[in-house]
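**Q** My file is entry.pdb. It has PDB, C-alpha atoms:
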```pdb
ATOM      1  CA  MET B 314      97.365   3.624 -45.247
ATOM      2  CA  VAL B 315      96.724   2.911 -41.571
ATOM      3  CA  SER B 316      96.917   5.513 -38.844
ATOM      4  CA  THR B 317      99.649   5.387 -36.241
ATOM      5  CA  ALA B 318      97.071   5.363 -33.448
ATOM      6  CA  PRO B 319      98.067   3.086 -30.552
ATOM      7  CA  LEU B 320      96.793  -0.483 -30.516
ATOM      8  CA  ALA B 321      94.267   0.279 -27.803
ATOM      9  CA  LEU B 322      92.905   3.619 -26.663
ATOM     10  CA  ALA B 323      92.602   4.177 -22.952
ATOM     11  CA  ALA B 324      89.037   3.654 -21.764
ATOM     12  CA  ALA B 325      87.102   5.560 -19.149
ATOM     13  CA  ALA B 326      86.726   3.956 -15.750
ATOM     14  CA  GLY B 327      84.701   0.779 -15.973
ATOM     15  CA  GLN B 328      84.939   0.502 -19.767
ATOM     16  CA  SER B 329      86.877  -2.005 -21.814
ATOM     17  CA  PRO B 330      89.915  -0.671 -23.697
ATOM     18  CA  LEU B 331      89.230   0.089 -27.344
ATOM     19  CA  LEU B 332      91.256  -1.053 -30.327
ATOM     20  CA  PHE B 333      91.034   1.509 -33.138
ATOM     21  CA  ARG B 334      92.384   1.590 -36.678
ATOM     22  CA  GLN B 335      91.894   4.158 -39.430
ATOM     23  CA  MET B 336      92.546   2.940 -42.986
ATOM     24  CA  PHE B 337      92.549   4.823 -46.285
ATOM     25  CA  ASP B 338      91.650   4.124 -49.900
ATOM     26  CA  ALA B 339      93.690   6.521 -52.021
ATOM     27  CA  ASP B 340      91.639   6.055 -55.211
ATOM     28  CA  THR B 341      88.458   7.405 -53.638
ATOM     29  CA  GLY B 342      89.759   9.324 -50.617
ATOM     30  CA  THR B 343      87.688   7.068 -48.349
ATOM     31  CA  TYR B 344      88.422   6.283 -44.707
ATOM     32  CA  THR B 345      87.523   2.917 -43.209
ATOM     33  CA  TYR B 346      87.466   2.418 -39.448
ATOM     34  CA  LEU B 347      87.920  -0.711 -37.346
ATOM     35  CA  LEU B 348      86.917  -0.666 -33.671
ATOM     36  CA  ALA B 349      87.063  -3.572 -31.245
ATOM     37  CA  ASP B 350      86.603  -4.310 -27.570
ATOM     38  CA  VAL B 351      90.063  -5.464 -26.500
ATOM     39  CA  ALA B 352      88.660  -7.527 -23.621
ATOM     40  CA  ASN B 353      86.730  -9.991 -25.791
ATOM     41  CA  GLY B 354      87.822  -9.222 -29.350
ATOM     42  CA  GLN B 355      84.438  -8.291 -30.815
ATOM     43  CA  GLY B 356      84.508  -5.446 -33.312
ATOM     44  CA  VAL B 357      82.804  -3.417 -36.025
ATOM     45  CA  LEU B 358      83.991  -2.079 -39.371
ATOM     46  CA  VAL B 359      82.759   1.310 -40.609
ATOM     47  CA  ASP B 360      82.608   2.243 -44.326
ATOM     48  CA  PRO B 361      84.652  -0.563 -45.923
ATOM     49  CA  VAL B 362      85.703  -0.206 -49.581
ATOM     50  CA  PHE B 363      85.092  -3.077 -52.022
ATOM     51  CA  GLU B 364      88.596  -3.054 -53.523
ATOM     52  CA  GLN B 365      90.207  -2.996 -50.056
ATOM     53  CA  HIS B 366      88.452  -6.148 -48.838
ATOM     54  CA  PRO B 367      91.645  -8.293 -48.753
ATOM     55  CA  ARG B 368      93.399  -5.655 -46.637
ATOM     56  CA  ASP B 369      90.499  -5.294 -44.197
ATOM     57  CA  LEU B 370      89.918  -9.022 -43.832
ATOM     58  CA  SER B 371      93.625  -9.695 -43.272
ATOM     59  CA  LEU B 372      93.801  -7.109 -40.490
ATOM     60  CA  ILE B 373      90.703  -8.500 -38.791
ATOM     61  CA  GLN B 374      92.107 -12.025 -38.938
ATOM     62  CA  GLU B 375      95.627 -11.045 -37.857
ATOM     63  CA  LEU B 376      94.282  -9.177 -34.822
ATOM     64  CA  GLY B 377      91.927 -12.042 -33.950
ATOM     65  CA  ILE B 378      88.793  -9.897 -34.070
ATOM     66  CA  THR B 379      85.315 -11.404 -34.241
ATOM     67  CA  LEU B 380      83.478  -8.979 -36.487
ATOM     68  CA  VAL B 381      79.940  -8.225 -35.295
ATOM     69  CA  ALA B 382      78.871  -5.843 -38.049
ATOM     70  CA  SER B 383      79.977  -3.934 -41.118
ATOM     71  CA  LEU B 384      78.396  -0.491 -40.917
ATOM     72  CA  ASP B 385      77.988   2.049 -43.700
ATOM     73  CA  THR B 386      77.315   5.686 -42.912
ATOM     74  CA  HIS B 387      75.128   5.956 -46.063
ATOM     75  CA  ALA B 388      74.643   4.579 -49.575
ATOM     76  CA  HIS B 389      77.791   5.999 -51.131
ATOM     77  CA  ALA B 390      77.946   7.499 -54.618
ATOM     78  CA  ASP B 391      81.738   7.583 -54.991
ATOM     79  CA  HIS B 392      82.824   4.053 -54.098
ATOM     80  CA  ILE B 393      81.352   0.590 -53.678
ATOM     81  CA  THR B 394      81.022  -0.688 -50.135
ATOM     82  CA  GLY B 395      82.864  -3.806 -49.032
ATOM     83  CA  SER B 396      80.079  -4.794 -46.622
ATOM     84  CA  TRP B 397      78.804  -7.756 -48.641
ATOM     85  CA  LEU B 398      82.279  -9.216 -49.086
ATOM     86  CA  ILE B 399      83.160  -8.917 -45.405
ATOM     87  CA  HIS B 400      79.764 -10.405 -44.494
ATOM     88  CA  GLU B 401      80.444 -13.378 -46.768
ATOM     89  CA  ALA B 402      83.902 -13.874 -45.235
ATOM     90  CA  THR B 403      83.000 -13.453 -41.551
ATOM     91  CA  GLY B 404      79.240 -13.865 -41.202
ATOM     92  CA  CYS B 405      78.934 -10.381 -39.686
ATOM     93  CA  ALA B 406      75.766  -8.303 -39.982
ATOM     94  CA  ILE B 407      75.403  -5.604 -42.647
ATOM     95  CA  GLY B 408      74.245  -2.345 -41.051
ATOM     96  CA  LEU B 409      72.763   0.619 -42.911
ATOM     97  CA  ALA B 410      70.001   3.158 -42.345
ATOM     98  CA  ALA B 411      66.518   1.814 -42.930
ATOM     99  CA  ALA B 412      65.879   5.018 -44.896
ATOM    100  CA  ALA B 413      68.384   3.904 -47.543
ATOM    101  CA  ARG B 414      66.066   0.989 -48.476
ATOM    102  CA  ALA B 415      68.995  -1.133 -49.652
ATOM    103  CA  GLU B 416      68.957  -4.872 -50.297
ATOM    104  CA  ASN B 417      70.844  -7.480 -48.225
ATOM    105  CA  VAL B 418      70.824  -5.336 -45.082
ATOM    106  CA  ASN B 419      70.165  -7.496 -42.009
ATOM    107  CA  LEU B 420      70.829  -4.759 -39.441
ATOM    108  CA  SER B 421      68.410  -1.999 -40.407
ATOM    109  CA  LEU B 422      69.254   1.062 -38.331
ATOM    110  CA  GLN B 423      67.175   3.917 -36.947
ATOM    111  CA  HIS B 424      68.010   7.016 -34.940
ATOM    112  CA  SER B 425      68.965   6.195 -31.313
ATOM    113  CA  ASP B 426      69.709   2.520 -32.025
ATOM    114  CA  GLN B 427      72.858   1.035 -30.506
ATOM    115  CA  VAL B 428      75.302  -1.363 -32.147
ATOM    116  CA  ALA B 429      77.052  -3.376 -29.451
ATOM    117  CA  PHE B 430      80.464  -5.013 -29.853
ATOM    118  CA  GLY B 431      81.583  -6.727 -26.679
ATOM    119  CA  ASN B 432      81.130  -4.319 -23.788
ATOM    120  CA  ARG B 433      81.290  -1.257 -26.057
ATOM    121  CA  ASN B 434      78.716   0.204 -28.406
ATOM    122  CA  LEU B 435      78.078   2.809 -31.049
ATOM    123  CA  GLU B 436      75.046   5.069 -30.785
ATOM    124  CA  VAL B 437      73.277   5.619 -34.113
ATOM    125  CA  ARG B 438      72.348   9.224 -34.893
ATOM    126  CA  ALA B 439      70.369  10.053 -38.022
ATOM    127  CA  THR B 440      72.121  12.916 -39.823
ATOM    128  CA  PRO B 441      70.272  13.279 -43.172
ATOM    129  CA  GLY B 442      70.838  16.098 -45.612
ATOM    130  CA  HIS B 443      73.624  14.735 -47.785
ATOM    131  CA  THR B 444      71.299  11.757 -48.368
ATOM    132  CA  ASP B 445      68.123  10.679 -46.571
ATOM    133  CA  GLY B 446      69.953   7.680 -45.139
ATOM    134  CA  CYS B 447      73.031   9.305 -43.601
ATOM    135  CA  LEU B 448      74.038   8.123 -40.139
ATOM    136  CA  THR B 449      76.672   9.232 -37.652
ATOM    137  CA  TYR B 450      78.031   6.602 -35.255
ATOM    138  CA  VAL B 451      78.965   7.915 -31.797
ATOM    139  CA  LEU B 452      81.126   5.877 -29.417
ATOM    140  CA  ASP B 453      79.508   5.101 -26.059
ATOM    141  CA  ASP B 454      81.665   7.561 -24.089
ATOM    142  CA  GLN B 455      81.228  10.302 -26.745
ATOM    143  CA  SER B 456      84.973  10.505 -27.268
ATOM    144  CA  MET B 457      84.718   9.671 -30.991
ATOM    145  CA  ALA B 458      82.127  10.021 -33.757
ATOM    146  CA  PHE B 459      82.170   8.739 -37.335
ATOM    147  CA  THR B 460      80.369  11.316 -39.441
ATOM    148  CA  GLY B 461      80.474   9.833 -42.939
ATOM    149  CA  ASP B 462      79.805  12.562 -45.500
ATOM    150  CA  ALA B 463      77.539  14.686 -43.300
ATOM    151  CA  LEU B 464      80.440  16.570 -41.695
ATOM    152  CA  LEU B 465      83.942  16.536 -43.150
ATOM    153  CA  VAL B 466      87.107  18.190 -41.835
ATOM    154  CA  ARG B 467      86.448  21.917 -42.432
ATOM    155  CA  GLY B 468      83.638  21.043 -44.819
ATOM    156  CA  CYS B 469      80.485  18.961 -45.269
ATOM    157  CA  GLY B 470      78.715  16.749 -47.759
ATOM    158  CA  ARG B 471      77.056  18.099 -50.880
ATOM    159  CA  CYS B 472      73.275  18.381 -51.070
ATOM    160  CA  ASP B 473      72.513  18.489 -54.803
ATOM    161  CA  PHE B 474      71.537  14.855 -55.471
ATOM    162  CA  GLN B 475      70.331  11.668 -53.718
ATOM    163  CA  GLN B 476      67.588  13.414 -51.668
ATOM    164  CA  GLY B 477      70.025  16.081 -50.513
ATOM    165  CA  ASN B 478      68.690  19.102 -48.637
ATOM    166  CA  ALA B 479      70.898  21.875 -47.258
ATOM    167  CA  HIS B 480      68.436  22.957 -44.545
ATOM    168  CA  THR B 481      68.176  19.369 -43.316
ATOM    169  CA  LEU B 482      71.953  18.914 -43.337
ATOM    170  CA  TYR B 483      72.511  22.114 -41.345
ATOM    171  CA  ARG B 484      70.113  20.936 -38.642
ATOM    172  CA  SER B 485      71.643  17.436 -38.638
ATOM    173  CA  ILE B 486      75.151  18.775 -38.127
ATOM    174  CA  THR B 487      74.303  21.397 -35.526
ATOM    175  CA  GLU B 488      71.827  19.299 -33.524
ATOM    176  CA  GLN B 489      73.355  15.813 -33.747
ATOM    177  CA  ILE B 490      77.116  16.292 -34.238
ATOM    178  CA  LEU B 491      78.175  19.701 -32.950
ATOM    179  CA  SER B 492      76.020  19.100 -29.868
ATOM    180  CA  LEU B 493      78.552  16.473 -28.757
ATOM    181  CA  PRO B 494      81.238  17.459 -26.202
ATOM    182  CA  ASP B 495      83.955  19.815 -27.471
ATOM    183  CA  HIS B 496      86.635  17.139 -27.026
ATOM    184  CA  CYS B 497      84.799  14.551 -29.133
ATOM    185  CA  LEU B 498      87.006  13.535 -32.057
ATOM    186  CA  LEU B 499      85.280  13.574 -35.452
ATOM    187  CA  TYR B 500      86.368  11.047 -38.063
ATOM    188  CA  PRO B 501      85.124  11.821 -41.600
ATOM    189  CA  GLY B 502      84.132   9.471 -44.387
ATOM    190  CA  HIS B 503      86.509  11.187 -46.810
ATOM    191  CA  ASP B 504      89.366  13.616 -47.111
ATOM    192  CA  TYR B 505      91.515  14.484 -50.117
ATOM    193  CA  THR B 506      94.328  16.501 -48.539
ATOM    194  CA  GLY B 507      95.610  14.193 -45.806
ATOM    195  CA  ARG B 508      93.491  15.430 -42.897
ATOM    196  CA  THR B 509      92.551  12.447 -40.739
ATOM    197  CA  VAL B 510      90.552  13.782 -37.778
ATOM    198  CA  SER B 511      89.003  16.887 -36.293
ATOM    199  CA  SER B 512      86.984  17.703 -33.179
ATOM    200  CA  VAL B 513      83.677  19.290 -32.284
ATOM    201  CA  ALA B 514      85.434  22.380 -30.915
ATOM    202  CA  GLU B 515      87.526  22.786 -34.078
ATOM    203  CA  GLU B 516      84.634  22.439 -36.497
ATOM    204  CA  ARG B 517      82.417  24.737 -34.479
ATOM    205  CA  ALA B 518      85.138  27.391 -34.625
ATOM    206  CA  PHE B 519      86.792  26.889 -38.023
ATOM    207  CA  ASN B 520      84.454  25.096 -40.430
ATOM    208  CA  ALA B 521      84.059  27.607 -43.262
ATOM    209  CA  ARG B 522      80.484  26.541 -44.041
ATOM    210  CA  LEU B 523      78.930  26.504 -40.586
ATOM    211  CA  GLY B 524      81.549  27.473 -38.019
ATOM    212  CA  GLY B 525      82.173  30.782 -36.300
ATOM    213  CA  GLN B 526      79.276  33.183 -36.819
ATOM    214  CA  ALA B 527      77.773  31.362 -39.839
ATOM    215  CA  ASN B 528      74.037  30.699 -39.595
ATOM    216  CA  GLU B 529      71.637  28.456 -41.494
ATOM    217  CA  ARG B 530      71.081  31.052 -44.220
ATOM    218  CA  ASP B 531      74.839  31.339 -44.804
ATOM    219  CA  PHE B 532      75.202  27.560 -44.894
ATOM    220  CA  VAL B 533      72.333  27.034 -47.340
ATOM    221  CA  GLY B 534      73.520  29.802 -49.642
ATOM    222  CA  PHE B 535      77.057  28.416 -49.747
ATOM    223  CA  THR B 536      75.944  24.815 -50.212
ATOM    224  CA  GLN B 537      73.444  25.550 -52.974
ATOM    225  CA  ASN B 538      76.049  27.408 -55.036
ATOM    226  CA  MET B 539      78.886  24.880 -54.971
ATOM    227  CA  LYS B 540      78.179  23.609 -58.526
ATOM    228  CA  LEU B 541      80.251  20.453 -58.197
ATOM    229  CA  PRO B 542      80.445  17.776 -60.917
ATOM    230  CA  HIS B 543      78.713  14.515 -60.097
ATOM    231  CA  PRO B 544      80.974  11.762 -58.685
ATOM    232  CA  HIS B 545      82.455  10.009 -61.694
ATOM    233  CA  ARG B 546      81.588   6.541 -60.323
ATOM    234  CA  ILE B 547      77.997   7.290 -59.312
ATOM    235  CA  ALA B 548      76.417   5.197 -62.103
ATOM    236  CA  GLN B 549      78.388   2.167 -60.922
ATOM    237  CA  ALA B 550      78.595   2.813 -57.178
ATOM    238  CA  LEU B 551      75.050   3.766 -56.241
ATOM    239  CA  PRO B 552      73.260   0.720 -57.719
ATOM    240  CA  ALA B 553      75.924  -1.555 -56.208
ATOM    241  CA  ASN B 554      75.539   0.061 -52.801
ATOM    242  CA  LEU B 555      71.771  -0.396 -52.934
ATOM    243  CA  ARG B 556      72.686  -4.114 -53.030
ATOM    244  CA  SER B 557      75.070  -3.576 -50.056
ATOM    245  CA  GLY B 558      78.004  -4.171 -52.385
ATOM    246  CA  LYS B 559      76.867  -7.617 -53.514
ATOM    247  CA  PRO B 560      78.380  -8.274 -56.976
ATOM    248  CA  ARG B 561      76.039  -9.121 -59.822
ATOM    249  CA  GLU B 562      78.431 -11.886 -60.815
ATOM    250  CA  GLN B 563      80.341 -14.343 -58.660
ATOM    251  CA  GLN B 564      83.830 -13.193 -57.741
ATOM    252  CA  ASP B 565      86.941 -15.085 -58.754
ATOM    253  CA  ALA B 566      87.593 -17.970 -56.393
ATOM    254  CA  ALA B 567      90.828 -18.540 -54.502
ATOM    255  CA  PRO B 568      93.523 -20.519 -56.378
ATOM    256  CA  ALA B 569      92.436 -24.139 -56.731
ATOM    257  CA  TRP B 570      95.773 -25.561 -55.603
ATOM    258  CA  GLY B 571      95.816 -23.966 -52.146
ATOM    259  CA  PRO B 572      94.175 -21.451 -49.753
ATOM    260  CA  VAL B 573      96.333 -18.434 -50.608
ATOM    261  CA  GLN B 574      95.460 -15.280 -48.653
ATOM    262  CA  ARG B 575      96.999 -11.831 -48.586
ATOM    263  CA  SER B 576      98.366 -10.584 -45.301
ATOM    264  CA  PHE B 577      97.754  -7.061 -44.025
ATOM    265  CA  ALA B 578     101.192  -6.263 -45.478
ATOM    266  CA  GLY B 579      99.831  -7.259 -48.907
ATOM    267  CA  LEU B 580     101.875 -10.449 -49.249
ATOM    268  CA  PRO B 581     100.337 -13.719 -50.516
ATOM    269  CA  GLU B 582     100.612 -16.316 -47.774
ATOM    270  CA  LEU B 583      99.767 -19.923 -46.922
ATOM    271  CA  ALA B 584      99.147 -21.056 -43.372
ATOM    272  CA  PRO B 585     102.168 -23.056 -42.095
ATOM    273  CA  SER B 586      99.811 -25.784 -40.867
ATOM    274  CA  TRP B 587      98.424 -26.241 -44.395
ATOM    275  CA  VAL B 588     101.945 -26.409 -45.849
ATOM    276  CA  ALA B 589     102.906 -29.048 -43.283
ATOM    277  CA  GLU B 590      99.840 -31.130 -44.117
ATOM    278  CA  HIS B 591     100.544 -30.978 -47.870
ATOM    279  CA  ARG B 592     104.346 -31.154 -47.747
ATOM    280  CA  ASN B 593     104.578 -34.121 -50.131
ATOM    281  CA  GLU B 594     102.585 -32.251 -52.780
ATOM    282  CA  LEU B 595     104.688 -29.066 -52.757
ATOM    283  CA  THR B 596     108.076 -27.835 -53.852
ATOM    284  CA  LEU B 597     109.430 -25.380 -51.292
ATOM    285  CA  LEU B 598     111.728 -22.823 -52.894
ATOM    286  CA  ASP B 599     114.289 -21.026 -50.713
ATOM    287  CA  VAL B 600     115.553 -17.833 -52.376
ATOM    288  CA  ARG B 601     118.092 -16.771 -49.747
ATOM    289  CA  SER B 602     121.825 -16.724 -50.396
ATOM    290  CA  SER B 603     123.884 -19.871 -49.884
ATOM    291  CA  ASP B 604     125.358 -18.428 -46.685
ATOM    292  CA  GLU B 605     121.884 -17.793 -45.295
ATOM    293  CA  PHE B 606     120.687 -21.213 -46.432
ATOM    294  CA  ASP B 607     123.525 -22.876 -44.476
ATOM    295  CA  GLY B 608     123.487 -20.333 -41.667
ATOM    296  CA  PRO B 609     122.249 -20.447 -38.067
ATOM    297  CA  ASP B 610     118.629 -19.673 -38.938
ATOM    298  CA  GLY B 611     118.301 -23.112 -40.491
ATOM    299  CA  ARG B 612     116.164 -24.240 -43.399
ATOM    300  CA  LEU B 613     113.131 -26.372 -44.148
ATOM    301  CA  PRO B 614     114.012 -30.000 -44.957
ATOM    302  CA  GLU B 615     114.066 -30.895 -48.653
ATOM    303  CA  SER B 616     113.638 -27.273 -49.733
ATOM    304  CA  LEU B 617     115.154 -26.257 -53.060
ATOM    305  CA  LEU B 618     117.783 -23.496 -53.002
ATOM    306  CA  ILE B 619     117.772 -20.978 -55.870
ATOM    307  CA  PRO B 620     119.103 -17.601 -54.654
ATOM    308  CA  LEU B 621     116.925 -14.719 -55.741
ATOM    309  CA  PRO B 622     119.462 -13.120 -58.138
ATOM    310  CA  GLU B 623     119.716 -16.440 -59.986
ATOM    311  CA  LEU B 624     115.977 -16.997 -59.971
TER
END
```
Could you show the structure in this file as structure tokens?
**A**
Amino acid sequence: MVSTAPLALAAAAGQSPLLFRQMFDADTGTYTYLLADVANGQGVLVDPVFEQHPRDLSLIQELGITLVASLDTHAHADHITGSWLIHEATGCAIGLAAAARAENVNLSLQHSDQVAFGNRNLEVRATPGHTDGCLTYVLDDQSMAFTGDALLVRGCGRCDFQQGNAHTLYRSITEQILSLPDHCLLYPGHDYTGRTVSSVAEERAFNARLGGQANERDFVGFTQNMKLPHPHRIAQALPANLRSGKPREQQDAAPAWGPVQRSFAGLPELAPSWVAEHRNELTLLDVRSSDEFDGPDGRLPESLLIPLPEL
């Protein structure tokens, strides 16, 4: 799923327009975010999912984005990151908190660092508590923040494993996230009921765990008594994410006969230029009706007609 956000968000005076996409992995309830400077096409990817790599790569290529970095908000326990795969495909940096102590990270991030893409940047804010290595990425004009699992829509991350600490998380959220302007849009790492975005003002007022009149004692008491089951993929996901998603074994290669890639629509495709170069080695099958084959849209020379119902 991809949000229906416009191609480019209006930028403040003097700033380059921003391209923004929100994508969803239904199996794990994970959101992935693509941001790019429209003026020069440089971009970053936040929290990619391993299994969604073909989708993410196709979108980046179709939009002509030069990926600067793949950024994870933390070492996830519920899904495997796609950072290694996108790094292998594009040469982009892999960004993660230094506190996570993960392998294959070549952009080790600390609080107050900035990740530049074109004329835009994300400010890195350390927001530990769910894990020691949780980060929130704040857009340069503070209009958007990507909170990972620290702050969710009307909720927050759990604190009962992976160095979790409810007191630390409360201070991270209140001091680093809810201190942003009221209008700042908050994009979570996960949601399981279809909620895609919130805001600082909304979460300060309506978040059941720390909004309204709730204080740190209320938050800690609630969080410590949640008694949630461990993520069912933690034994697989956490070790993989401490390798930045690098597989232990080499992945299946592309088909040997040609460079087949999947488009953002999920369709297997070959570049027309490659087909033209290898025309004598291929059989081109046209599955339209006879009327369409002979119609005004034309056809490729020497293509073989077998209408789809017959095929």
**Q** Could you name the residues that touch Leu409 of chain B at 6 Å or less, counting all atoms listed in the file, but leaving out those on the same chain fewer than 3 positions away, as a list in words?
**A** Asp385, Ser421 and Leu422 of chain B
**Q** (78.7, -10.6, -49.2) in this file's frame - what residues fall within 10 Å of it? Use all atoms listed in the file and give the answer as a list in words.
**A**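 Counting all atoms listed in the file, I find these residues within 10 Å of (78.7, -10.6, -49.2): Gly395, Ser396, Trp397, Leu398, Ile399, His400, Glu401, Ala402, Thr403, Gly404, Cys405, Ala406, Ile407, Asn417, Arg556, Ser557, Gly558, Lys559 and Pro560 of chain B.
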**Q** Quick check, in Å to one decimal: how far apart do atom CA of Asn520 of chain B and atom CA of Leu464 of chain B lie?
**A**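 Separation of atom CA of Asn520 of chain B and atom CA of Leu464 of chain B: 9.5 Å.
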**Q** Report the distance between atom CA of Leu372 of chain B and atom CA of Pro581 of chain B in Å, rounded to one decimal place.
**A**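 Between these atoms lies a distance of 13.7 Å.
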**Q** Out of B:Thr481, B:Arg414, B:Tyr505, B:Ser512, which residue has the shortest atom-to-atom distance to Glu529 of chain B when counting only C-alpha atoms?
**A**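 Among B:Thr481, B:Arg414, B:Tyr505, B:Ser512, it is B:Thr481 that comes nearest to Glu529 of chain B.
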**Q** Using all atoms listed in the file, determine which residues lie at most 10 Å from Gly524 of chain B, disregarding the query and same-chain residues fewer than 6 positions distant; provide the list as JSON, numbers by chain.
**A** {"B": [467, 468, 487, 491, 514, 515, 516, 517, 518, 532]}
**Q** Give as an NGL selection string the residues that the PyMOL selection byres ((chain B and resi 472-479) around 8) matches when applied to the coordinates above.
**A** :B and (441-445 or 470-471 or 480-483 or 532-533 or 536-537)
**Q** Between atom CA of Leu465 of chain B and atom CA of Thr345 of chain B, what is the spacing in Å?
**A**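 Spanning atom CA of Thr345 of chain B to atom CA of Leu465 of chain B is a straight-line distance of 14.1 Å.
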**Q** Which is closest to Thr379 of chain B among B:Val357, B:His392, B:Glu364, B:Gln455, if we use all atoms listed in the file?
**A**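 Using all atoms listed in the file, the shortest distance to Thr379 of chain B belongs to B:Val357.
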**Q** Taking all listed atoms of segment 337-351 of chain B, build the axis-aligned box, pad each of the six sides by 5 Å, then write its centre and edge lengths in Å to one decimal as JSON.
**A**
```
{"center_x": 90.1, "center_y": 1.9, "center_z": -40.9, "size_x": 17.1, "size_y": 24.8, "size_z": 38.7}
```
**Q** Please write as a ChimeraX atom specification the full residue list that the PyMOL selection byres ((chain B and resi 344) around 8) yields on this file.
**A** /B:335-338,342-343,345-346,360-361,501-504
**Q** Carefully work through the PyMOL selection byres ((chain B and resi 618) around 8) for this structure and note down the residues it includes, as a ChimeraX atom specification.
**A** /B:598-601,603,606,616-617,619-620
**Q** Choose the residue, out of B:Asp391, B:Glu488, B:Glu416, B:Asp604, that has the smallest atom-to-atom separation from Asp462 of chain B; count only C-alpha atoms.
**A** B:Asp391
**Q** Which residue gives the smallest distance to Ser383 of chain B among B:Leu347, B:Ala412, B:Ser371, B:Gln427, with all atoms listed in the file counted?
**A**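 Among B:Leu347, B:Ala412, B:Ser371, B:Gln427, it is B:Leu347 that comes nearest to Ser383 of chain B.
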**Q** Tell me which protein, DNA and RNA residues are within 7 Å of Cys447 of chain B, counting only C-alpha atoms, leaving out same-chain ones fewer than 5 positions away, and put them as a list of chain:residue names.
**A**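 Selected residues are B:Thr386, B:His387, B:Ala410, B:Ala439, B:Thr440, B:Pro441.
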**Q** Store the residues picked out above in a file with C-alpha atoms, as a compact mmCIF listing (two decimals), in the frame of the given file.
**A**
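The file below, out33.txt, is the result:
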```
# COMPACT_ATOMS: atom_id res chain seq x y z
CA THR B 386 77.32 5.69 -42.91
CA HIS B 387 75.13 5.96 -46.06
CA ALA B 410 70.00 3.16 -42.34
CA ALA B 439 70.37 10.05 -38.02
CA THR B 440 72.12 12.92 -39.82
CA PRO B 441 70.27 13.28 -43.17
```
**Q** Have a look at B:Ala550, B:Ala339, B:Leu541, B:Ile378 and name the one nearest to Gly431 of chain B; count only C-alpha atoms.
**A**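 Of B:Ala550, B:Ala339, B:Leu541, B:Ile378, the one nearest Gly431 of chain B is B:Ile378, counting only C-alpha atoms.
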**Q** Need to verify the contact set: Glu375 of chain B, 12 Å, only C-alpha atoms, exclusion of same-chain residues closer than 3 positions in sequence. Can you return it as a list in words?
**A**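 The filter keeps Gly354, Pro367, Arg368, Asp369, Leu370, Ser371, Leu372, Ile378, Thr379, Gln574, Arg575, Ser576, Phe577, Ala578 and Ala584 of chain B.
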**Q** With all atoms listed in the file as the atoms that count, which of B:Cys469, B:Leu595, B:Met539, B:Leu332 lies nearest to Ile373 of chain B?
**A**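 Nearest to Ile373 of chain B: B:Leu332.
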**Q** Write out N, CA and C atoms for segment 597-609 of chain B, as a compact mmCIF listing (two decimals), in the frame of the given file.
**A**
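This is the output file out28.txt:
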```
# COMPACT_ATOMS: atom_id res chain seq x y z
N LEU B 597 109.13 -26.57 -52.07
CA LEU B 597 109.43 -25.38 -51.29
C LEU B 597 110.72 -24.76 -51.82
N LEU B 598 110.60 -23.53 -52.28
CA LEU B 598 111.73 -22.82 -52.89
C LEU B 598 112.30 -21.83 -51.90
N ASP B 599 113.59 -21.94 -51.62
CA ASP B 599 114.29 -21.03 -50.71
C ASP B 599 115.13 -20.09 -51.57
N VAL B 600 114.88 -18.78 -51.48
CA VAL B 600 115.55 -17.83 -52.38
C VAL B 600 116.60 -17.01 -51.64
N ARG B 601 117.02 -17.47 -50.46
CA ARG B 601 118.09 -16.77 -49.75
C ARG B 601 119.44 -17.09 -50.39
N SER B 602 120.48 -16.42 -49.92
CA SER B 602 121.82 -16.72 -50.40
C SER B 602 122.29 -18.06 -49.82
N SER B 603 123.35 -18.60 -50.39
CA SER B 603 123.88 -19.87 -49.88
C SER B 603 124.32 -19.75 -48.43
N ASP B 604 124.94 -18.63 -48.07
CA ASP B 604 125.36 -18.43 -46.68
C ASP B 604 124.16 -18.44 -45.73
N GLU B 605 123.07 -17.80 -46.15
CA GLU B 605 121.88 -17.79 -45.30
C GLU B 605 121.26 -19.19 -45.22
N PHE B 606 121.27 -19.87 -46.36
CA PHE B 606 120.69 -21.21 -46.43
C PHE B 606 121.39 -22.17 -45.46
N ASP B 607 122.74 -22.02 -45.36
CA ASP B 607 123.52 -22.88 -44.48
C ASP B 607 123.78 -22.24 -43.12
N GLY B 608 123.20 -21.08 -42.88
CA GLY B 608 123.49 -20.33 -41.67
C GLY B 608 122.71 -20.79 -40.45
N PRO B 609 122.82 -20.04 -39.36
CA PRO B 609 122.25 -20.45 -38.07
C PRO B 609 120.73 -20.43 -38.02
```
